[in-house]
file model-v7.cif (mmCIF, C-alpha atoms)
data_coords
#
loop_
_atom_site.label_atom_id
_atom_site.label_comp_id
_atom_site.auth_asym_id
_atom_site.auth_seq_id
_atom_site.Cartn_x
_atom_site.Cartn_y
_atom_site.Cartn_z
CA MET A 794 -3.51 72.04 25.67
CA LEU A 795 -5.37 70.37 22.82
CA PRO A 796 -9.00 71.56 23.14
CA TYR A 797 -12.11 69.61 22.19
CA GLY A 798 -12.99 72.31 19.64
CA ARG A 799 -11.50 75.42 18.10
CA GLN A 800 -12.23 77.85 15.28
CA LEU A 801 -10.06 77.89 12.17
CA ILE A 802 -9.50 81.51 11.14
CA GLU A 803 -7.34 82.09 8.08
CA ASP A 804 -5.85 85.19 6.47
CA ASP A 805 -8.74 85.66 4.03
CA ASP A 806 -11.19 85.64 6.96
CA ILE A 807 -9.18 88.39 8.63
CA ASP A 808 -9.01 90.34 5.36
CA ALA A 809 -12.80 90.09 4.98
CA VAL A 810 -13.36 91.51 8.46
CA VAL A 811 -10.83 94.32 7.96
CA LYS A 812 -12.46 95.24 4.65
CA GLN A 813 -15.83 95.42 6.34
CA LEU A 814 -14.45 97.56 9.16
CA ARG A 815 -13.19 100.01 6.55
CA SER A 816 -16.53 100.11 4.78
CA ASP A 817 -19.55 102.32 5.41
CA TRP A 818 -21.48 99.52 7.11
CA LEU A 819 -20.80 97.92 10.46
CA THR A 820 -24.37 96.77 11.09
CA GLN A 821 -27.74 96.53 9.30
CA GLY A 822 -25.95 96.62 5.95
CA PRO A 823 -25.51 94.46 2.83
CA ALA A 824 -23.16 91.87 4.36
CA VAL A 825 -26.07 90.44 6.37
CA ALA A 826 -28.05 89.66 3.23
CA LYS A 827 -24.95 88.14 1.60
CA PHE A 828 -24.46 85.84 4.57
CA GLU A 829 -28.12 84.82 4.54
CA GLU A 830 -27.83 84.01 0.81
CA ALA A 831 -24.78 81.86 1.56
CA LEU A 832 -26.71 80.00 4.26
CA CYS A 833 -29.56 79.29 1.86
CA GLU A 834 -27.05 77.86 -0.60
CA LEU A 835 -25.41 75.72 2.09
CA THR A 836 -28.67 74.33 3.48
CA GLY A 837 -31.01 74.37 0.51
CA ALA A 838 -33.64 76.32 2.44
CA ARG A 839 -35.51 79.15 0.67
CA TYR A 840 -35.01 81.71 3.43
CA ALA A 841 -32.47 82.41 6.16
CA VAL A 842 -32.56 85.05 8.90
CA ALA A 843 -29.23 85.74 10.61
CA VAL A 844 -29.45 86.54 14.32
CA SER A 845 -27.16 87.17 17.26
CA SER A 846 -26.88 83.57 18.52
CA GLY A 847 -28.21 80.06 18.14
CA THR A 848 -30.26 80.66 21.28
CA ALA A 849 -31.82 83.76 19.73
CA ALA A 850 -32.59 81.66 16.65
CA LEU A 851 -34.38 79.07 18.80
CA HIS A 852 -36.37 81.77 20.58
CA LEU A 853 -37.55 83.40 17.37
CA ALA A 854 -38.31 80.03 15.75
CA ALA A 855 -40.48 79.11 18.74
CA LEU A 856 -42.37 82.39 18.43
CA ALA A 857 -42.77 82.02 14.66
CA ALA A 858 -43.98 78.44 15.22
CA GLY A 859 -46.82 79.82 17.30
CA VAL A 860 -45.69 78.94 20.83
CA ARG A 861 -47.67 81.10 23.25
CA PRO A 862 -48.02 81.22 27.04
CA GLY A 863 -49.20 77.88 28.37
CA ASP A 864 -48.45 75.91 25.21
CA ALA A 865 -46.62 72.60 25.48
CA GLY A 866 -43.46 71.76 23.58
CA LEU A 867 -41.15 68.76 23.46
CA THR A 868 -37.41 68.46 22.95
CA SER A 869 -34.53 66.07 23.60
CA ASP A 870 -33.24 65.57 27.13
CA VAL A 871 -29.63 65.41 25.89
CA THR A 872 -28.96 68.83 24.44
CA PHE A 873 -27.78 72.27 25.41
CA VAL A 874 -30.41 73.88 27.63
CA ALA A 875 -31.36 76.45 24.97
CA SER A 876 -33.27 73.78 23.03
CA ALA A 877 -35.72 73.60 25.94
CA ASN A 878 -35.44 77.19 27.13
CA CYS A 879 -36.69 78.56 23.80
CA ILE A 880 -40.11 77.12 24.60
CA ARG A 881 -40.02 78.81 28.00
CA TYR A 882 -38.93 82.13 26.47
CA ALA A 883 -42.12 82.07 24.43
CA GLY A 884 -44.18 81.34 27.54
CA GLY A 885 -44.59 77.64 26.85
CA VAL A 886 -43.92 74.59 28.99
CA PRO A 887 -41.15 72.28 27.71
CA GLY A 888 -41.39 68.54 28.07
CA LEU A 889 -38.23 66.44 27.86
CA VAL A 890 -37.95 63.32 25.71
CA ASP A 891 -35.55 60.48 26.49
CA VAL A 892 -32.82 59.52 24.03
CA ASP A 893 -31.28 56.43 22.51
CA PRO A 894 -28.02 56.19 24.47
CA THR A 895 -26.14 54.76 21.48
CA THR A 896 -26.84 57.80 19.28
CA GLY A 897 -27.79 60.61 21.67
CA HIS A 898 -30.84 61.30 19.50
CA MET A 899 -34.43 61.65 20.63
CA SER A 900 -36.05 58.23 20.97
CA MET A 901 -39.13 57.92 18.78
CA THR A 902 -40.67 55.52 21.29
CA ALA A 903 -40.10 58.04 24.07
CA LEU A 904 -41.52 60.83 21.88
CA ARG A 905 -44.76 58.93 21.39
CA GLU A 906 -44.91 58.17 25.10
CA ALA A 907 -44.44 61.86 25.91
CA ILE A 908 -47.24 62.79 23.51
CA ASP A 909 -49.50 60.15 25.05
CA GLN A 910 -48.83 61.59 28.49
CA LEU A 911 -49.78 65.06 27.25
CA ARG A 912 -52.90 63.66 25.57
CA GLN A 913 -54.03 62.16 28.89
CA LYS A 914 -53.95 65.71 30.29
CA GLY A 915 -55.95 67.02 27.35
CA VAL A 916 -52.89 68.76 25.90
CA ARG A 917 -51.13 68.51 22.57
CA PRO A 918 -47.66 69.87 21.84
CA ARG A 919 -47.52 73.06 19.83
CA VAL A 920 -43.93 72.37 18.77
CA ILE A 921 -41.39 69.54 18.72
CA VAL A 922 -37.66 70.37 18.68
CA PRO A 923 -35.53 67.39 17.58
CA VAL A 924 -31.79 67.90 18.04
CA ASP A 925 -29.19 66.94 15.41
CA PHE A 926 -26.75 65.67 17.97
CA SER A 927 -22.95 65.75 17.49
CA GLY A 928 -23.25 66.42 13.74
CA SER A 929 -25.64 63.61 12.84
CA VAL A 930 -29.21 64.43 11.79
CA ALA A 931 -32.10 63.31 13.98
CA ASP A 932 -34.94 61.17 12.61
CA LEU A 933 -36.65 64.20 11.12
CA GLU A 934 -39.03 62.19 8.96
CA GLY A 935 -40.14 60.20 11.98
CA VAL A 936 -40.60 63.35 14.05
CA ARG A 937 -42.50 65.02 11.23
CA ALA A 938 -44.88 62.06 10.96
CA VAL A 939 -45.60 62.16 14.69
CA ALA A 940 -45.95 65.95 14.65
CA SER A 941 -48.43 65.78 11.78
CA GLU A 942 -50.62 63.42 13.79
CA VAL A 943 -50.99 65.96 16.59
CA GLY A 944 -50.78 69.21 14.61
CA ALA A 945 -47.40 70.26 16.01
CA ARG A 946 -44.76 72.24 14.16
CA VAL A 947 -41.17 71.01 13.95
CA ILE A 948 -38.04 73.06 14.68
CA GLU A 949 -34.87 71.22 13.71
CA ASP A 950 -32.09 72.19 16.10
CA ALA A 951 -29.29 71.93 13.54
CA ALA A 952 -26.68 73.75 15.63
CA HIS A 953 -24.45 70.66 15.35
CA SER A 954 -25.16 69.57 11.79
CA LEU A 955 -24.38 72.25 9.21
CA GLY A 956 -22.87 70.35 6.28
CA ALA A 957 -24.47 67.02 7.20
CA THR A 958 -26.82 65.15 4.86
CA TYR A 959 -29.23 62.24 5.13
CA LEU A 960 -31.12 59.93 2.78
CA ASP A 961 -34.87 60.29 3.07
CA GLN A 962 -37.35 57.46 2.57
CA GLN A 963 -37.51 58.24 -1.15
CA GLY A 964 -33.75 57.92 -1.45
CA ALA A 965 -33.13 61.65 -1.94
CA VAL A 966 -30.10 63.30 -0.35
CA VAL A 967 -31.34 66.00 2.05
CA LYS A 968 -29.20 68.70 3.64
CA ALA A 969 -29.38 69.49 7.33
CA GLY A 970 -31.20 72.78 7.83
CA SER A 971 -33.09 72.55 4.53
CA CYS A 972 -36.48 72.38 6.30
CA THR A 973 -37.48 69.53 3.97
CA HIS A 974 -38.95 67.67 6.95
CA SER A 975 -39.34 70.56 9.40
CA ASP A 976 -40.97 73.98 9.53
CA PHE A 977 -37.86 75.73 10.79
CA ALA A 978 -34.22 74.91 11.42
CA ILE A 979 -31.73 76.80 13.53
CA LEU A 980 -27.98 77.14 13.11
CA SER A 981 -25.19 78.27 15.44
CA PHE A 982 -21.92 79.99 14.56
CA HIS A 983 -20.17 79.80 17.92
CA PRO A 984 -16.39 79.37 17.48
CA VAL A 985 -16.47 75.58 17.99
CA LYS A 986 -19.12 75.08 15.29
CA HIS A 987 -18.45 74.26 11.63
CA ILE A 988 -18.20 77.92 10.63
CA THR A 989 -18.07 80.89 12.95
CA THR A 990 -19.11 84.51 13.20
CA GLY A 991 -17.76 84.77 16.76
CA GLU A 992 -21.25 84.57 18.20
CA GLY A 993 -24.22 84.21 15.91
CA GLY A 994 -27.01 82.03 14.63
CA ALA A 995 -29.72 81.80 12.01
CA VAL A 996 -33.21 80.49 11.37
CA THR A 997 -33.98 78.83 8.06
CA THR A 998 -37.46 78.16 6.68
CA ASN A 999 -39.32 77.59 3.43
CA ASP A 1000 -42.38 79.54 4.64
CA GLU A 1001 -42.46 83.08 3.21
CA GLY A 1002 -44.91 84.33 5.84
CA ALA A 1003 -42.80 82.96 8.67
CA TYR A 1004 -39.69 84.48 7.06
CA LYS A 1005 -41.25 87.96 7.08
CA ALA A 1006 -42.36 87.51 10.68
CA LEU A 1007 -38.83 86.46 11.67
CA LEU A 1008 -37.36 89.58 10.07
CA GLU A 1009 -39.59 91.77 12.21
CA LEU A 1010 -39.07 89.73 15.37
CA ARG A 1011 -35.29 90.12 14.89
CA THR A 1012 -35.58 93.91 14.92
CA HIS A 1013 -37.91 95.01 17.72
CA GLY A 1014 -41.10 94.07 15.85
CA ILE A 1015 -40.56 97.13 13.67
CA THR A 1016 -41.58 97.43 10.04
CA LYS A 1017 -41.00 100.05 7.37
CA ASP A 1018 -43.02 98.18 4.74
CA PRO A 1019 -45.41 100.77 3.21
CA ALA A 1020 -48.00 98.07 2.61
CA LYS A 1021 -48.17 97.32 6.35
CA LEU A 1022 -47.93 100.80 7.87
CA LYS A 1023 -51.02 102.24 9.57
CA GLN A 1024 -50.02 105.72 8.45
CA VAL A 1025 -47.03 107.46 6.86
CA ASP A 1026 -45.50 110.67 8.21
CA GLY A 1027 -42.47 110.72 5.94
CA PRO A 1028 -39.65 108.62 4.49
CA TRP A 1029 -38.23 108.17 8.00
CA TYR A 1030 -41.39 106.59 9.32
CA TYR A 1031 -41.53 103.16 10.96
CA GLU A 1032 -43.93 101.36 13.27
CA GLN A 1033 -43.53 98.78 15.99
CA GLN A 1034 -46.49 96.54 15.29
CA SER A 1035 -45.54 93.66 17.59
CA LEU A 1036 -43.14 92.93 20.42
CA GLY A 1037 -39.81 92.00 18.91
CA TYR A 1038 -36.20 91.78 20.03
CA HIS A 1039 -32.76 93.17 19.32
CA TYR A 1040 -31.32 89.98 17.84
CA ARG A 1041 -29.46 91.44 14.86
CA LEU A 1042 -26.10 90.13 13.64
CA THR A 1043 -23.58 92.78 12.58
CA ASP A 1044 -22.07 93.24 9.12
CA VAL A 1045 -18.64 92.69 10.64
CA GLN A 1046 -19.71 89.27 11.89
CA CYS A 1047 -21.47 88.47 8.63
CA ALA A 1048 -18.38 89.38 6.60
CA LEU A 1049 -16.54 86.72 8.61
CA GLY A 1050 -19.49 84.37 8.09
CA VAL A 1051 -19.46 84.79 4.31
CA SER A 1052 -15.73 84.05 4.20
CA GLN A 1053 -16.14 81.01 6.46
CA ALA A 1054 -19.14 79.73 4.51
CA ARG A 1055 -16.96 79.26 1.43
CA LYS A 1056 -14.89 76.75 3.43
CA LEU A 1057 -17.66 74.64 4.92
CA GLY A 1058 -17.11 71.76 2.52
CA ARG A 1059 -13.39 71.62 3.26
CA PHE A 1060 -13.93 71.94 7.00
CA VAL A 1061 -16.53 69.16 7.09
CA GLU A 1062 -14.44 66.80 4.97
CA ARG A 1063 -11.53 67.31 7.34
CA ARG A 1064 -13.78 66.53 10.31
CA ARG A 1065 -14.92 63.34 8.58
CA ALA A 1066 -11.32 62.31 7.93
CA LEU A 1067 -10.44 62.86 11.58
CA ALA A 1068 -13.51 60.87 12.65
CA ALA A 1069 -12.54 58.01 10.35
CA ARG A 1070 -9.08 57.95 11.93
CA TYR A 1071 -10.61 57.81 15.41
CA ASP A 1072 -13.08 55.12 14.27
CA ALA A 1073 -10.31 52.92 12.91
CA ALA A 1074 -8.31 53.17 16.12
CA PHE A 1075 -11.30 52.50 18.38
CA SER A 1076 -12.45 49.52 16.31
CA ARG A 1077 -9.32 47.56 17.26
CA ALA A 1078 -8.59 45.65 20.45
CA PRO A 1079 -8.13 46.46 23.25
CA LEU A 1080 -9.95 49.80 22.92
CA ALA A 1081 -12.90 48.24 21.10
CA GLN A 1082 -13.72 46.29 24.26
CA VAL A 1083 -13.77 49.30 26.61
CA LEU A 1084 -15.32 52.17 24.68
CA GLU A 1085 -17.47 52.82 21.64
CA PRO A 1086 -17.94 55.87 19.43
CA LEU A 1087 -21.41 57.37 19.24
CA ALA A 1088 -23.38 55.49 16.59
CA VAL A 1089 -24.23 57.22 13.29
CA SER A 1090 -27.11 56.00 11.14
CA SER A 1091 -26.11 54.44 7.83
CA ARG A 1092 -28.54 56.90 6.18
CA THR A 1093 -26.64 59.91 7.55
CA ARG A 1094 -23.35 61.56 6.63
CA SER A 1095 -22.42 63.27 9.86
CA ALA A 1096 -20.73 66.65 9.89
CA TYR A 1097 -18.96 65.66 13.16
CA HIS A 1098 -19.35 68.78 15.21
CA LEU A 1099 -18.34 66.49 18.07
CA TYR A 1100 -16.57 63.18 18.31
CA VAL A 1101 -18.22 61.42 21.24
CA VAL A 1102 -17.16 58.12 22.78
CA ARG A 1103 -18.90 56.19 25.56
CA LEU A 1104 -17.25 53.92 28.07
CA THR A 1105 -18.63 50.40 27.75
CA PRO A 1106 -20.29 49.32 31.02
CA ARG A 1107 -18.87 46.17 32.57
CA ALA A 1108 -21.15 43.28 33.45
CA ASP A 1109 -23.74 44.48 35.99
CA GLU A 1110 -21.81 47.71 36.49
CA PRO A 1111 -23.93 50.50 38.01
CA LEU A 1112 -24.00 53.86 36.25
CA GLU A 1113 -22.27 55.49 39.22
CA SER A 1114 -19.23 53.29 38.59
CA VAL A 1115 -19.23 54.11 34.87
CA ALA A 1116 -19.38 57.80 35.74
CA ARG A 1117 -16.38 57.46 38.09
CA ARG A 1118 -14.37 55.80 35.33
CA ARG A 1119 -15.40 58.58 32.92
CA ARG A 1120 -14.22 61.20 35.43
CA ALA A 1121 -10.88 59.43 35.80
CA LEU A 1122 -10.45 59.39 32.02
CA TYR A 1123 -11.42 63.08 31.79
CA ASP A 1124 -8.95 64.08 34.51
CA GLY A 1125 -6.20 61.89 33.06
CA LEU A 1126 -6.53 63.46 29.62
CA ARG A 1127 -6.36 66.98 31.03
CA GLU A 1128 -3.27 66.10 33.06
CA ARG A 1129 -1.63 65.07 29.79
CA GLY A 1130 -2.50 68.23 27.89
CA ILE A 1131 -5.75 67.15 26.23
CA ALA A 1132 -9.00 68.93 27.09
CA PRO A 1133 -12.07 66.76 26.46
CA GLN A 1134 -15.61 67.90 27.24
CA VAL A 1135 -18.94 66.36 28.24
CA HIS A 1136 -21.93 66.97 25.95
CA TYR A 1137 -24.36 67.27 27.61
CA ILE A 1138 -25.62 67.07 31.16
CA PRO A 1139 -29.22 65.88 30.62
CA VAL A 1140 -31.59 68.80 30.92
CA HIS A 1141 -33.76 66.96 33.45
CA ARG A 1142 -30.84 67.15 35.93
CA GLN A 1143 -30.57 70.95 35.81
CA PRO A 1144 -31.65 72.51 39.13
CA ASP A 1145 -33.80 75.14 37.45
CA PHE A 1146 -35.78 72.43 35.65
CA VAL A 1147 -36.07 70.33 38.80
CA ASP A 1148 -37.19 73.31 40.90
CA SER A 1149 -39.68 74.38 38.20
CA GLY A 1150 -41.26 70.93 38.06
CA LEU A 1151 -40.10 70.36 34.48
CA SER A 1152 -38.04 67.22 35.12
CA ALA A 1153 -40.81 64.70 35.72
CA GLY A 1154 -40.32 61.37 34.00
CA VAL A 1155 -37.89 58.52 33.60
CA PHE A 1156 -34.84 59.18 31.43
CA ALA A 1157 -33.00 55.88 31.48
CA GLY A 1158 -31.48 56.39 28.05
CA ALA A 1159 -30.21 59.89 28.86
CA ASP A 1160 -28.77 58.77 32.19
CA ALA A 1161 -27.04 55.79 30.57
CA TYR A 1162 -25.62 58.02 27.85
CA TYR A 1163 -24.42 60.69 30.27
CA ALA A 1164 -22.65 58.32 32.66
CA GLY A 1165 -20.03 57.29 30.12
CA CYS A 1166 -19.90 59.98 27.42
CA LEU A 1167 -16.85 62.06 26.56
CA SER A 1168 -16.22 64.41 23.63
CA LEU A 1169 -12.68 64.08 22.29
CA PRO A 1170 -10.87 66.81 20.33
CA MET A 1171 -12.47 67.42 16.91
CA PHE A 1172 -11.80 70.50 14.78
CA PRO A 1173 -10.49 71.02 11.24
CA GLY A 1174 -7.17 72.48 12.33
CA MET A 1175 -6.14 69.19 13.97
CA ALA A 1176 -3.32 67.13 12.50
CA ASP A 1177 -3.49 63.36 12.12
CA SER A 1178 -0.80 63.20 14.79
CA ASP A 1179 -3.16 64.95 17.20
CA VAL A 1180 -5.68 62.13 16.77
CA ASP A 1181 -2.94 59.54 17.25
CA ARG A 1182 -1.82 61.29 20.43
CA VAL A 1183 -5.38 61.32 21.83
CA VAL A 1184 -5.86 57.64 21.00
CA GLU A 1185 -2.53 56.72 22.60
CA VAL A 1186 -3.32 58.61 25.81
CA VAL A 1187 -6.85 57.21 26.00
CA GLY A 1188 -5.46 53.71 25.54
CA SER A 1189 -2.83 54.13 28.23
CA LEU A 1190 -5.35 55.54 30.70
CA LEU A 1191 -7.92 52.81 30.14
CA ALA A 1192 -5.25 50.12 30.41
CA SER A 1193 -4.06 51.35 33.80
#
call {"tool": "encode", "arguments": {"input": "model-v7.cif", "output": "structure tokens"}}
result
Amino acid sequence: MLPYGRQLIEDDDIDAVVKQLRSDWLTQGPAVAKFEEALCELTGARYAVAVSSGTAALHLAALAAGVRPGDAGLTSDVTFVASANCIRYAGGVPGLVDVDPTTGHMSMTALREAIDQLRQKGVRPRVIVPVDFSGSVADLEGVRAVASEVGARVIEDAAHSLGATYLDQQGAVVKAGSCTHSDFAILSFHPVKHITTGEGGAVTTNDEGAYKALLELRTHGITKDPAKLKQVDGPWYYEQQSLGYHYRLTDVQCALGVSQARKLGRFVERRRALAARYDAAFSRAPLAQVLEPLAVSSRTRSAYHLYVVRLTPRADEPLESVARRRRALYDGLRERGIAPQVHYIPVHRQPDFVDSGLSAGVFAGADAYYAGCLSLPMFPGMADSDVDRVVEVVGSLLAS
């Protein structure tokens, strides 16, 4: 079975983990700092705090951004639920923003509409969480401009975009996760992501005060900093000065992360080559008439965490019919040894959000996107022949 995503673990990654296992440190040791330094180099951010998952990173970023009980936050409707749940974890109330169905990214028009709706209730968002979907960076400059108007902070959900870049309005090349146009960014190191630590994540920021707060939040709210202690009983002394969490990443995981980080450039270039091969095949008839790859802005170099295609609706075809055709394609691929995936079910459809009253609104873009989307296999260990096989099977299924 050819999966939609898979880690690429090589002998030097295994050697790095074995070496760490034989060392004096399995957790809370020097490998964590080395991994964080590597992440700063990869993203261009001043600070990085490694944590136990991308979800933990989102939670801590929301707290560091000042989200408190009752605060409003906004995020994309097409994302993994953690992008919205992080606001809830901090006690806030997430609002969902519709997307452009051709890109999967938060619609700037819909964002302004969501802010206007909050304003009518006398509320402003404390935080906005744009999502770098599928490996392509969201309109961070646009989000930042809107956020500045209402005094909101911006958390870039860069779980899909490590290694991606974009041209800003001044023509500068900006790295995903650099926090050039956000206050925080979060990364994920799940096995299907660009580099892996098994499970793991990180928060990046350029704010020294926020960085120090994140370090304490990661470890139970505990500090040993002599300058902050209320008293000192001895060299062993520590104080819990705020409510924090056990979100640490181990040295064993970070040793793997450091080894993987050295390969990010190679991994991303391979993903881009695979995407280009898919693009070429899907640009030709007859496939060009029945499906289209997710659009990528000309100002962005995607890191292609995912390769998403959308079935082209027929004239006057209802979304229910598109969804049935997508299901048939999904099932047909699996029957032929190819495992696609769907990213994502719009958050507004999740029962917990519906039952909690968090799904109010019209999400025409998200619904249109979801009806026909399918993520095809995309990972650096794929051969060109794997792409050709996927294209051939997709073509045969859509022709039948």
call {"tool": "atom_distance", "arguments": {"input": "model-v7.cif", "atom1": "CA of Val871 in chain A", "atom2": "CA of Leu1008 in chain A"}}
result
29.9 Å
call {"tool": "resolve_selection", "arguments": {"input": "model-v7.cif", "expression": "the PyMOL selection byres ((chain A and resi 879-893) around 9)", "output": "JSON, numbers by chain"}}
result
{"A": [848, 849, 850, 851, 852, 853, 854, 855, 856, 859, 860, 861, 862, 863, 864, 865, 866, 867, 868, 869, 870, 871, 874, 875, 876, 877, 878, 894, 895, 896, 897, 898, 899, 900, 901, 902, 903, 904, 906, 907, 918, 919, 920, 1140, 1141, 1151, 1152, 1153, 1154, 1155, 1156, 1157, 1158, 1159, 1162]}
call {"tool": "residues_around", "arguments": {"input": "model-v7.cif", "residues": "range 1050-1063 of chain A", "least_positions_apart": "3", "cutoff": "6 Å", "atoms": "all atoms listed in the file", "output": "list in words"}}
result
Asp806, Phe828, Ile988, Thr990, Cys1047, Ala1066, Ala1096 and Pro1173 of chain A
call {"tool": "atom_distance", "arguments": {"input": "model-v7.cif", "atom1": "CA of Val1089 in chain A", "atom2": "CA of Leu960 in chain A"}}
result
12.9 Å
call {"tool": "atom_distance", "arguments": {"input": "model-v7.cif", "atom1": "CA of Thr989 in chain A", "atom2": "CA of Gln821 in chain A"}}
result
18.7 Å
call {"tool": "resolve_selection", "arguments": {"input": "model-v7.cif", "expression": "the PyMOL selection byres ((chain A and resi 1082) around 12)", "output": "compact mmCIF listing (two decimals) with C-alpha atoms, in the coordinates of the input"}}
result
# COMPACT_ATOMS: atom_id res chain seq x y z
CA ALA A 1074 -8.31 53.17 16.12
CA PHE A 1075 -11.30 52.50 18.38
CA SER A 1076 -12.45 49.52 16.31
CA ARG A 1077 -9.32 47.56 17.26
CA ALA A 1078 -8.59 45.65 20.45
CA PRO A 1079 -8.13 46.46 23.25
CA LEU A 1080 -9.95 49.80 22.92
CA ALA A 1081 -12.90 48.24 21.10
CA VAL A 1083 -13.77 49.30 26.61
CA LEU A 1084 -15.32 52.17 24.68
CA GLU A 1085 -17.47 52.82 21.64
CA PRO A 1086 -17.94 55.87 19.43
CA ARG A 1103 -18.90 56.19 25.56
CA LEU A 1104 -17.25 53.92 28.07
CA THR A 1105 -18.63 50.40 27.75
CA PRO A 1106 -20.29 49.32 31.02
CA ARG A 1107 -18.87 46.17 32.57
CA GLY A 1188 -5.46 53.71 25.54
CA LEU A 1191 -7.92 52.81 30.14
CA ALA A 1192 -5.25 50.12 30.41
call {"tool": "residues_near_point", "arguments": {"input": "model-v7.cif", "point": "(-23.5, 74.6, 18.2)", "cutoff": "7 Å", "atoms": "all atoms listed in the file", "output": "PyMOL selection string"}}
result
chain A and resi 952-953+981-983+986
call {"tool": "write_last_selection", "arguments": {"input": "model-v7.cif", "atoms": "C-alpha atoms", "output": "compact mmCIF listing (two decimals), in the coordinates of the input"}}
result
# COMPACT_ATOMS: atom_id res chain seq x y z
CA ALA A 952 -26.68 73.75 15.63
CA HIS A 953 -24.45 70.66 15.35
CA SER A 981 -25.19 78.27 15.44
CA PHE A 982 -21.92 79.99 14.56
CA HIS A 983 -20.17 79.80 17.92
CA LYS A 986 -19.12 75.08 15.29
call {"tool": "closest_residue", "arguments": {"input": "model-v7.cif", "among": "A:Ala831, A:Asp925, A:Gly1165, A:Ile979", "to": "Tyr959 in chain A", "atoms": "all atoms listed in the file"}}
result
A:Asp925
call {"tool": "closest_residue", "arguments": {"input": "model-v7.cif", "among": "A:Tyr1071, A:Tyr1040, A:Phe977, A:Tyr1097", "to": "Gly956 in chain A", "atoms": "all atoms listed in the file"}}
result
A:Tyr1097
call {"tool": "resolve_selection", "arguments": {"input": "model-v7.cif", "expression": "the PyMOL selection byres ((chain A and resi 930-939) around 10)", "output": "PyMOL selection string"}}
result
chain A and resi 896-901+904-905+908+921-929+940-951+953-955+957-959+961-962+968-970+972-976+1089-1090+1092-1096
call {"tool": "write_last_selection", "arguments": {"input": "model-v7.cif", "atoms": "C-alpha atoms", "output": "short mmCIF file (atom, residue, chain, number, x, y, z; two decimals), keeping the file's coordinate frame"}}
result
data_model
loop_
_atom_site.label_atom_id
_atom_site.label_comp_id
_atom_site.auth_asym_id
_atom_site.auth_seq_id
_atom_site.Cartn_x
_atom_site.Cartn_y
_atom_site.Cartn_z
CA THR A 896 -26.84 57.80 19.28
CA GLY A 897 -27.79 60.61 21.67
CA HIS A 898 -30.84 61.30 19.50
CA MET A 899 -34.43 61.65 20.63
CA SER A 900 -36.05 58.23 20.97
CA MET A 901 -39.13 57.92 18.78
CA LEU A 904 -41.52 60.83 21.88
CA ARG A 905 -44.76 58.93 21.39
CA ILE A 908 -47.24 62.79 23.51
CA ILE A 921 -41.39 69.54 18.72
CA VAL A 922 -37.66 70.37 18.68
CA PRO A 923 -35.53 67.39 17.58
CA VAL A 924 -31.79 67.90 18.04
CA ASP A 925 -29.19 66.94 15.41
CA PHE A 926 -26.75 65.67 17.97
CA SER A 927 -22.95 65.75 17.49
CA GLY A 928 -23.25 66.42 13.74
CA SER A 929 -25.64 63.61 12.84
CA ALA A 940 -45.95 65.95 14.65
CA SER A 941 -48.43 65.78 11.78
CA GLU A 942 -50.62 63.42 13.79
CA VAL A 943 -50.99 65.96 16.59
CA GLY A 944 -50.78 69.21 14.61
CA ALA A 945 -47.40 70.26 16.01
CA ARG A 946 -44.76 72.24 14.16
CA VAL A 947 -41.17 71.01 13.95
CA ILE A 948 -38.04 73.06 14.68
CA GLU A 949 -34.87 71.22 13.71
CA ASP A 950 -32.09 72.19 16.10
CA ALA A 951 -29.29 71.93 13.54
CA HIS A 953 -24.45 70.66 15.35
CA SER A 954 -25.16 69.57 11.79
CA LEU A 955 -24.38 72.25 9.21
CA ALA A 957 -24.47 67.02 7.20
CA THR A 958 -26.82 65.15 4.86
CA TYR A 959 -29.23 62.24 5.13
CA ASP A 961 -34.87 60.29 3.07
CA GLN A 962 -37.35 57.46 2.57
CA LYS A 968 -29.20 68.70 3.64
CA ALA A 969 -29.38 69.49 7.33
CA GLY A 970 -31.20 72.78 7.83
CA CYS A 972 -36.48 72.38 6.30
CA THR A 973 -37.48 69.53 3.97
CA HIS A 974 -38.95 67.67 6.95
CA SER A 975 -39.34 70.56 9.40
CA ASP A 976 -40.97 73.98 9.53
CA VAL A 1089 -24.23 57.22 13.29
CA SER A 1090 -27.11 56.00 11.14
CA ARG A 1092 -28.54 56.90 6.18
CA THR A 1093 -26.64 59.91 7.55
CA ARG A 1094 -23.35 61.56 6.63
CA SER A 1095 -22.42 63.27 9.86
CA ALA A 1096 -20.73 66.65 9.89
#
call {"tool": "residues_around", "arguments": {"input": "model-v7.cif", "residues": "Lys1005 in chain A", "least_positions_apart": "2", "cutoff": "10 Å", "atoms": "only C-alpha atoms", "output": "PDB file with C-alpha atoms, in the coordinates of the input"}}
result
ATOM      1  CA  TYR A 840     -35.010  81.710   3.430  1.00  0.00           C
ATOM      2  CA  VAL A 842     -32.560  85.050   8.900  1.00  0.00           C
ATOM      3  CA  ALA A 857     -42.770  82.020  14.660  1.00  0.00           C
ATOM      4  CA  ASP A1000     -42.380  79.540   4.640  1.00  0.00           C
ATOM      5  CA  GLU A1001     -42.460  83.080   3.210  1.00  0.00           C
ATOM      6  CA  GLY A1002     -44.910  84.330   5.840  1.00  0.00           C
ATOM      7  CA  ALA A1003     -42.800  82.960   8.670  1.00  0.00           C
ATOM      8  CA  LEU A1007     -38.830  86.460  11.670  1.00  0.00           C
ATOM      9  CA  LEU A1008     -37.360  89.580  10.070  1.00  0.00           C
ATOM     10  CA  GLU A1009     -39.590  91.770  12.210  1.00  0.00           C
ATOM     11  CA  LEU A1010     -39.070  89.730  15.370  1.00  0.00           C
ATOM     12  CA  THR A1016     -41.580  97.430  10.040  1.00  0.00           C
TER      13      THR A1016
END
call {"tool": "residues_around", "arguments": {"input": "model-v7.cif", "residues": "range 1114-1130 of chain A", "least_positions_apart": "4", "cutoff": "12 Å", "atoms": "only C-alpha atoms", "output": "PyMOL selection string"}}
result
chain A and resi 794-797+1083-1084+1102-1110+1134-1135+1160-1170+1179+1182-1193
